[in-house]
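The structure appears below as structure tokens.
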Amino acid sequence: MPNLQSKWRFLMMVLGVQLIVMALLSREGYQKRVTYFFRIFRRTDTGVGASMQNHTGRDVYANLSLLSKSQTREESMPYCPKKSPLVGGPLRVTFPSGLTLVQVERKNPLVVRGGRYRPPNCESLHHTAIIIPHRNREHHLKFLLYYLHPFLQRQQLNYGIYIIHQAGNYTFNRAKLMNVGFREAMREEDWDCLFFHDVDLIPEDDRNTYTCDAHPKHAAIAMDKFGYKLPYKMYFGGVSALTPLQYLKMNGFPNNYWGWGGEDDDIGIRVSLGGMLITRPSLNVGRYKMIKHKLDKGNEVNPRRFNMLAKTRHTWKEDGMNTVEYEVLSREYLPLYTNITVNIGTEKGLLSLPPKTQMAPPANGMPKKDAKTSLPDTEHHPLS
Ligand code: UD2
Ligand code: MN
């Protein structure tokens, strides 16, 4: 049986230990240790979700339903904030089979005829047109629309999407289609920024804002196909953004690059010939996934591209926006985009025009032209 003295000694010991523990805890490191403990608990609670987020990002449609359609637009709405509260960072990008344009429409109830949108509750600070050169890539277009619409809505932009569809089977000409897109989009609205966008590039981070900078912007800086790195310093391919003034300052894009390659470098050279610099988002923001594909039939590698690039400094003023010639075959205001089908001719110009029915075959997934929503068919544009 322990006597009273040893009980007393035991009690003192316990008290002593407690005092030491308290003294330790109240020292500088206390807070750190407590935080550490809490972090351990939090990690076990939400670890899976958190790590999934870091690697795969958010659903591009998350929280978009917060934008309600029911509210009627008031005459004088406040401007949207400089930084949209819906922008959050990395997005999850996958390409599920079976997606249809009707599903994309349903997911985007606030997008109106011609692929136009403006925020329902505030006046946007930015009016951006997206110009997409296109032929026979309906499968890619569907995915791009699925991701691009909510992406742009998250950024509270007033925007419109234009597909510039090259008619016929003659060699593809990406840069000339961009010139057409510029002219045709500006005819419709006083856009303050134009995004020139490959159909197969999906942005992976909504902080990559689709607005223009003080200098031409190259947005697709980090692509999966280049290991999320810039392939070379002057690279200007994929997705780029210019104000109308910047675009005209460099006389737009070249019209004479037929087939794959070279035109993006020519455009990069024009930026500096126009006395401008290239701006870029950071590597972790300007991220894109390219939908895998092979080189298209009708877009064979252009063997003359290096010779042409060597001459850009002599040719840029004589070839570009000031000389682009084309014929608009149809303009369709579809639910998710405006489709402009265009005859851009060949190297020799706009000489032989086949009958219209042969020039613009109805593309898969593209509704037939609706007489009510189309402008007059034939407009010739030898531009001054
Ligand atoms: C690279 C560049 C691209 C361009 C091209 C050379 C990237 C991510 N992009 O793309 O900006 O400089 O090289 O020309 O590095 N298209 C059609 N139908 C066709 C052919 C092309 O719609 O039959 C359009 C479409 O928007 C496509 C774009 O042209 O995304 C570029 O063509 P690509 O995707 O075949 O070339 P790619 O991926 O090598
Ligand atoms: Mn591509």
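If you're wondering about the labels, chains in the structure tokens are A, B, ... by order shown, residues count from 1 in each chain, ligands from 1 in order shown.
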
request  = Go through the chains and note each residue within 7 Å of ligand 2, using only C-alpha atoms and all ligand atoms, then give the set as number ranges by chain.
outcome  = A: 198, 200, 290, 293

Non-local contacts of range 100-105 of chain A (12 Å; only C-alpha atoms; under 4 positions in same chain excluded) as a VMD selection string = chain A and resid 61 95 to 96 109 to 115 138 to 150 334 to 337 364 to 367

message = Quick check, in Å to one decimal: how far apart do CA of Asn255 in chain A and CA of Asn173 in chain A lie?
response =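 One can read the CA of Asn255 in chain A to CA of Asn173 in chain A distance as 7.6 Å.
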
List the neighbours of Leu91 in chain A out to 9 Å using only C-alpha atoms; skip same-chain residues closer than 5 positions along the sequence, and give me the result as a compact mmCIF listing (two decimals) with N, CA and C atoms, in the first residue's frame.
```
# COMPACT_ATOMS: atom_id res chain seq x y z
N GLN A 53 -8.05 17.94 -57.53
CA GLN A 53 -8.18 19.30 -58.05
C GLN A 53 -6.88 19.79 -58.63
N THR A 56 -6.29 17.66 -61.95
CA THR A 56 -7.24 17.64 -63.04
C THR A 56 -8.08 18.91 -63.14
N GLY A 57 -8.07 19.76 -62.16
CA GLY A 57 -8.79 21.01 -62.24
C GLY A 57 -10.29 20.88 -62.04
N ARG A 58 -10.95 22.04 -62.15
CA ARG A 58 -12.39 22.10 -61.92
C ARG A 58 -13.17 21.83 -63.19
N ASP A 59 -14.44 21.50 -63.02
CA ASP A 59 -15.35 21.39 -64.15
C ASP A 59 -15.57 22.80 -64.70
N VAL A 60 -15.42 22.96 -66.00
CA VAL A 60 -15.52 24.29 -66.61
C VAL A 60 -16.92 24.88 -66.43
N PRO A 203 -8.29 25.55 -73.86
CA PRO A 203 -7.60 26.18 -72.72
C PRO A 203 -7.85 25.40 -71.43
N GLU A 204 -6.80 25.32 -70.62
CA GLU A 204 -6.88 24.49 -69.41
C GLU A 204 -6.86 25.30 -68.11
N ASP A 205 -6.95 26.63 -68.23
CA ASP A 205 -6.91 27.45 -67.02
C ASP A 205 -7.70 28.72 -67.28
N ASP A 206 -8.72 28.98 -66.47
CA ASP A 206 -9.57 30.14 -66.79
C ASP A 206 -8.96 31.47 -66.37
```

request  = May I ask for the distance between CA of Met234 in chain A and CA of Gly320 in chain A, given in Å to one decimal place?
outcome  =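 These atoms are spaced 19.8 Å apart.
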
ask   = Out of A:Gly160, A:Gly349, A:Pro231, A:Gly274, which residue has the shortest atom-to-atom distance to ligand 1 when counting only C-alpha atoms and all ligand atoms?
value =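 Going through A:Gly160, A:Gly349, A:Pro231, A:Gly274 one by one, the smallest distance to ligand 1 is for A:Pro231.
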
key: Picked from range 120-351 of chain A by DSSP as strand (DSSP E or B), as a PyMOL selection string   = chain A and resi 123+127-134+158-166+193-197+201-203+205+217-218+222-223+229+239-242+260+279+287-290+301+327-333+338-343+346+349

Quick one: write out the picked residues with C-alpha atoms as a short mmCIF file (atom, residue, chain, number, x, y, z; two decimals), in the first residue's frame?
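The resulting file, part31.cif, is shown below:
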```cif
data_model
loop_
_atom_site.label_atom_id
_atom_site.label_comp_id
_atom_site.auth_asym_id
_atom_site.auth_seq_id
_atom_site.Cartn_x
_atom_site.Cartn_y
_atom_site.Cartn_z
CA GLU A 123 -21.83 45.36 -68.22
CA HIS A 127 -15.76 42.82 -76.16
CA THR A 128 -13.88 39.87 -77.64
CA ALA A 129 -14.38 38.10 -80.96
CA ILE A 130 -13.01 34.58 -81.40
CA ILE A 131 -11.95 33.80 -84.97
CA ILE A 132 -11.55 30.11 -85.83
CA PRO A 133 -10.26 28.95 -89.23
CA HIS A 134 -12.01 25.77 -90.20
CA ASN A 158 -19.09 40.13 -73.99
CA TYR A 159 -18.10 37.77 -76.79
CA GLY A 160 -18.92 36.26 -80.16
CA ILE A 161 -17.57 33.12 -81.85
CA TYR A 162 -16.92 33.16 -85.61
CA ILE A 163 -16.08 30.06 -87.63
CA ILE A 164 -14.43 30.96 -90.91
CA HIS A 165 -15.06 27.97 -93.09
CA GLN A 166 -12.92 27.56 -96.22
CA CYS A 193 -10.03 42.37 -79.06
CA LEU A 194 -9.79 39.48 -81.54
CA PHE A 195 -8.61 36.01 -80.62
CA PHE A 196 -7.24 33.95 -83.52
CA HIS A 197 -7.81 30.41 -82.41
CA LEU A 201 -6.79 23.85 -78.78
CA ILE A 202 -8.63 23.73 -75.47
CA PRO A 203 -7.60 26.18 -72.72
CA ASP A 205 -6.91 27.45 -67.02
CA LYS A 217 -0.51 38.53 -77.15
CA HIS A 218 0.52 34.96 -77.76
CA ALA A 222 2.26 25.99 -72.93
CA MET A 223 0.75 23.11 -74.89
CA LYS A 229 6.85 24.62 -72.73
CA VAL A 239 -3.89 31.08 -80.18
CA SER A 240 -3.02 34.77 -80.40
CA ALA A 241 -4.85 37.99 -79.58
CA LEU A 242 -4.68 41.45 -81.11
CA TRP A 260 0.78 23.71 -93.46
CA THR A 279 3.17 39.55 -74.55
CA ARG A 287 -1.92 26.02 -70.89
CA TYR A 288 -3.73 24.17 -73.67
CA LYS A 289 -4.57 20.64 -74.64
CA MET A 290 -4.45 19.91 -78.39
CA VAL A 301 3.31 20.90 -95.70
CA GLU A 327 -16.10 36.04 -101.55
CA VAL A 328 -18.51 35.33 -98.72
CA LEU A 329 -20.75 32.45 -99.79
CA SER A 330 -22.94 32.36 -96.72
CA ARG A 331 -23.28 33.78 -93.27
CA GLU A 332 -25.23 31.67 -90.82
CA TYR A 333 -26.23 32.72 -87.34
CA THR A 338 -21.62 32.45 -86.59
CA ASN A 339 -20.52 30.40 -89.58
CA ILE A 340 -19.03 32.29 -92.49
CA THR A 341 -18.34 30.13 -95.52
CA VAL A 342 -15.88 31.79 -97.81
CA ASN A 343 -14.25 31.34 -101.18
CA THR A 346 -6.07 29.99 -104.97
CA GLY A 349 -6.65 34.74 -107.14
#
```

ask   = Which residue gives the smallest distance to ligand 1 among A:Phe172, A:Phe182, A:Tyr326, A:Phe10, with only C-alpha atoms and all ligand atoms counted?
value =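 Checking each of A:Phe172, A:Phe182, A:Tyr326, A:Phe10 against ligand 1, counting only C-alpha atoms and all ligand atoms, the winner is A:Phe172.
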
Atomic separation - CA of His314 in chain A relative to CA of Ile269 in chain A, Å =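 Computed distance, CA of Ile269 in chain A to CA of His314 in chain A, equals 11.4 Å.
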
message = Between A:Ser84, A:Asn136, A:Gln5, A:Gln246, which residue has the minimum interatomic distance to Leu277 in chain A, considering only C-alpha atoms?
response =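 The closest residue to Leu277 in chain A is A:Gln246.
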
Best match for closeness to ligand 1 among A:Val324, A:Leu64, A:Ala167, A:Met250, counting only C-alpha atoms and all ligand atoms =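 Nearest candidate to ligand 1 out of A:Val324, A:Leu64, A:Ala167, A:Met250: A:Ala167.
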
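Residue nearest Pro119 in chain A within the list A:Gly298, A:Gly181, A:Pro81, A:Gly98: A:Pro81 [criterion: smallest interatomic distance, only C-alpha atoms].
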
Residue among A:Ser282, A:Asn322, A:Asn299, A:Gln156 lying closest to ligand 1, counting only C-alpha atoms and all ligand atoms =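 Selected residue with least distance to ligand 1: A:Asn299.
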
request  = With a distance cut-off of 8 Å and only C-alpha atoms, select the neighbouring residues of Asn256 in chain A, excluding the residue or stretch itself and same-chain residues fewer than 2 positions from it, and output the selection as a list in words.
outcome  =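 The neighbour list is Asn173, Lys176, Pro254, Trp258, Asp319 and Glu347 of chain A.
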
May I have the residues from that selection written out with N, CA and C atoms, as a PDB file, in the first residue's frame?
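part.pdb written:
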```pdb
ATOM      1  N   ASN A 173      -5.703  27.530 -96.192  1.00  0.00           N
ATOM      2  CA  ASN A 173      -4.899  28.725 -95.946  1.00  0.00           C
ATOM      3  C   ASN A 173      -5.366  29.381 -94.650  1.00  0.00           C
ATOM      4  N   LYS A 176      -4.960  33.432 -94.234  1.00  0.00           N
ATOM      5  CA  LYS A 176      -5.891  34.225 -95.035  1.00  0.00           C
ATOM      6  C   LYS A 176      -7.297  34.162 -94.431  1.00  0.00           C
ATOM      7  N   PRO A 254      -0.429  37.237 -93.401  1.00  0.00           N
ATOM      8  CA  PRO A 254      -0.139  37.041 -94.835  1.00  0.00           C
ATOM      9  C   PRO A 254      -1.262  36.258 -95.525  1.00  0.00           C
ATOM     10  N   TRP A 258      -0.071  28.895 -98.423  1.00  0.00           N
ATOM     11  CA  TRP A 258      -1.022  27.826 -98.713  1.00  0.00           C
ATOM     12  C   TRP A 258      -0.445  26.526 -98.190  1.00  0.00           C
ATOM     13  N   ASP A 319       1.403  42.578 -98.887  1.00  0.00           N
ATOM     14  CA  ASP A 319       0.518  41.424 -98.760  1.00  0.00           C
ATOM     15  C   ASP A 319      -0.026  41.356 -97.336  1.00  0.00           C
ATOM     16  N   GLU A 347      -3.710  30.510-105.233  1.00  0.00           N
ATOM     17  CA  GLU A 347      -2.569  31.423-105.402  1.00  0.00           C
ATOM     18  C   GLU A 347      -2.822  32.419-106.535  1.00  0.00           C
TER      19      GLU A 347
END
```
